[in-house]
Structure formats: C-alpha cells, structure tokens
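S.K.: My questions all concern the structure below.
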Amino acid sequence: MSEKNPIRVFVSHTFSETDDYLRLFEFLECVDRFYYVNVSKPDDIPPGGLNEIKDSLIQQIKESEAVVVLPVVFETNPDLTNFMMDVADANGKPIIVVRPYGHDLPTPPPLLKRCKEQVEWNAREMVDAIRRQARLEDTNRWEVVDFPGFDKHGEIKE
C-alpha cells in the first residue's frame, strides 16, 4: 500500500453522513502512512426508487477492497445493511464491523455472524483490520510503553 496504490474502502451508509460515518474517517486520517480512498458515496442519492439505490450501492461496494459496517446504520435500516453485506459477500469483499460508538451496547449479533473482524473505535485497530482484510497485510505492530525515569539499563538516577 502506498500513495499510488491506496486501499479502496466502502463504509456502510444510508445516503447520509452520520456522526459515526464522519468519525470513522477522522480516525483513519490520523494514522501516518495509511493511504485509502473512500469509495462510498453517501451524498450521491440516486434518483428513482429502491432499485436505483441498490444499484448504486452495488457499484460502490464492487469498487472496494474492504467493507466497514457501522452498527448505527444497521439500527437505522437493517434491511439495507443486510443488502450491503450480501453484496459484499457475493463479490468476495471482507466485512469489518466497528463496535457501537460510545456505548456499552453489544454489537448486533447479525453483524457479528457475517463479519471477518470486529474492531473497537481505535485508529490503529481499524487500520490494521483494513490492511489485513483488504490486502492480507500483517502489520505485526507492538505497543511501546515509555516509563519516565527509566531507560534500557534501568532506573535513571540523577
């Protein structure tokens, strides 16, 4: 993955930008050297009825390498969310579910059954899951904890 070859990501929506939708991209933007293209188009509401909406979603999902499903979208419109997951499955697109934001509520079981991976609202977890699912990249990152007053030889005595 590079600037010249960004990961194409689709994020579930019902043709409106919810707070969680916008928040997800804020999280992705704060990770250095993570290049992606948002192929979801919540602002482009197709004229016509439900068939045109479904056709638009099919095209958006087909362009993606990974599909991120937000529980708030499932709560708002479970039928359309299930349709998006059906399209992702039919096109071999991995599904990543983000836990509900700011609640101690569990992720809806229908989403858990269909996802490849569930992540918290944590930028590194989100990016790592997208890399793993979209490009089969394993980041093998380690948490580094810095203890003030200590270095690699032990306690610093002044």
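Identifiers in the structure tokens: chain A, B, ... in order shown; residue index from 1 per chain; ligand index from 1 in order shown.
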Please provide the set of residues having any atom within 6 Å of region 56-69 of chain A, restricted to only C-alpha atoms, with same-chain residues fewer than 2 positions apart removed, written as number ranges by chain.
M.R.: A: 8-12, 39-40, 53-54, 93-97, 134
S.K.: So which bits of chain A end up alpha helix (DSSP H) when you DSSP the backbone, as a ChimeraX atom specification?
M.R.: /A:19-29,50-63,71-76,78-90,109-114,123-135
S.K.: Find the residues around Asp20 (chain A) up to 8 Å (only C-alpha atoms counted), leave out those fewer than 4 positions away in its own chain, and share them as a tab-separated table (two decimals) with C-alpha atoms, in the first residue's frame.
M.R.:
chain	number	residue	atom	x	y	z
A	24	LEU	CA	-14.57	6.77	11.24
A	70	LEU	CA	-21.30	0.68	11.29
A	72	VAL	CA	-25.76	2.70	13.73
A	101	TYR	CA	-19.55	4.12	19.47
S.K.: Name the residues in contact with region 73-81 of chain A at a cut-off of 7 Å, using only C-alpha atoms, excluding same-chain residues fewer than 2 positions from it; report them as an NGL selection string.
M.R.: :A and (12-14 or 70-71 or 83-85)
S.K.: Selected residues, N, CA and C atoms, written as an mmCIF file, in the first residue's frame, please.
M.R.:
data_model
loop_
_atom_site.group_PDB
_atom_site.id
_atom_site.type_symbol
_atom_site.label_atom_id
_atom_site.label_comp_id
_atom_site.auth_asym_id
_atom_site.auth_seq_id
_atom_site.Cartn_x
_atom_site.Cartn_y
_atom_site.Cartn_z
ATOM 1 N N SER A 12 -20.478 1.552 5.296
ATOM 2 C CA SER A 12 -21.930 1.469 5.181
ATOM 3 C C SER A 12 -22.586 2.827 5.451
ATOM 4 N N HIS A 13 -23.642 3.093 4.691
ATOM 5 C CA HIS A 13 -24.389 4.343 4.839
ATOM 6 C C HIS A 13 -25.778 4.156 4.256
ATOM 7 N N THR A 14 -26.657 5.037 4.616
ATOM 8 C CA THR A 14 -27.998 5.054 4.041
ATOM 9 C C THR A 14 -28.201 6.393 3.318
ATOM 10 N N LEU A 70 -21.066 -0.048 10.042
ATOM 11 C CA LEU A 70 -21.300 0.680 11.286
ATOM 12 C C LEU A 70 -22.630 0.225 11.888
ATOM 13 N N PRO A 71 -22.637 -0.158 13.170
ATOM 14 C CA PRO A 71 -23.878 -0.617 13.807
ATOM 15 C C PRO A 71 -25.013 0.400 13.756
ATOM 16 N N PHE A 83 -28.502 -5.987 2.866
ATOM 17 C CA PHE A 83 -28.278 -5.981 1.430
ATOM 18 C C PHE A 83 -26.811 -5.651 1.125
ATOM 19 N N MET A 84 -26.259 -4.634 1.799
ATOM 20 C CA MET A 84 -24.861 -4.267 1.581
ATOM 21 C C MET A 84 -23.935 -5.432 1.923
ATOM 22 N N MET A 85 -24.231 -6.128 3.020
ATOM 23 C CA MET A 85 -23.401 -7.274 3.397
ATOM 24 C C MET A 85 -23.569 -8.421 2.402
#
S.K.: For Phe34 (chain A), which residue out of A:Ile7, A:Ala88, A:Ile156, A:Ala129 is the nearest one, using only C-alpha atoms?
M.R.: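 Using only C-alpha atoms, the shortest distance to Phe34 (chain A) belongs to A:Ile7.
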S.K.: For CA of Asn82 (chain A) and CA of Glu29 (chain A), determine how far apart the two atoms are, in Å to one decimal place.
M.R.: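 Interatomic distance, CA of Asn82 (chain A) to CA of Glu29 (chain A): 27.4 Å.
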S.K.: Restricting the calculation to only C-alpha atoms: of A:Phe25, A:Ser2, A:Met126, A:Lys157, which residue gets closest to Asn38 (chain A)?
M.R.: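 Result for the nearest residue to Asn38 (chain A): A:Phe25.
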S.K.: Which of region 6-156 of chain A counts as strand (DSSP E) under DSSP, as a list in words please?
M.R.: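 These are the residues in question: Ile7, Arg8, Val9, Phe10, Val11, Tyr36, Val37, Asn38, Ala66, Val67, Val68, Val69, Ile95, Ile96, Val97, Val98, Glu117, Gln118, Val119, Phe150, Asp151, Gly154 and Glu155 of chain A.
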S.K.: So, with only C-alpha atoms as the atoms that count, which of A:Ala90, A:Leu22, A:Leu28, A:Val37 lies closest to Glu3 (chain A)?
M.R.: A:Val37
S.K.: Considering only C-alpha atoms, can you say which of A:Asp104, A:Gly48, A:His153, A:Val31 comes closest to Asp128 (chain A)?
M.R.: A:Val31
S.K.: Hey, can you check how far CA of Asp43 (chain A) sits from CA of Ser16 (chain A)?
M.R.: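 CA of Asp43 (chain A) sits 6.4 Å away from CA of Ser16 (chain A).
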S.K.: Tell me, in Å to one decimal, how far CA of Arg99 (chain A) is from CA of Glu120 (chain A).
M.R.: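 Calculated distance between CA of Arg99 (chain A) and CA of Glu120 (chain A) is 5.5 Å.
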S.K.: Of the residues A:Asp32, A:Asp19, A:Asp151, A:Asp55, which is the one nearest to Arg124 (chain A), using only C-alpha atoms?
M.R.: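 Among the listed residues, the smallest separation from Arg124 (chain A) belongs to A:Asp32.
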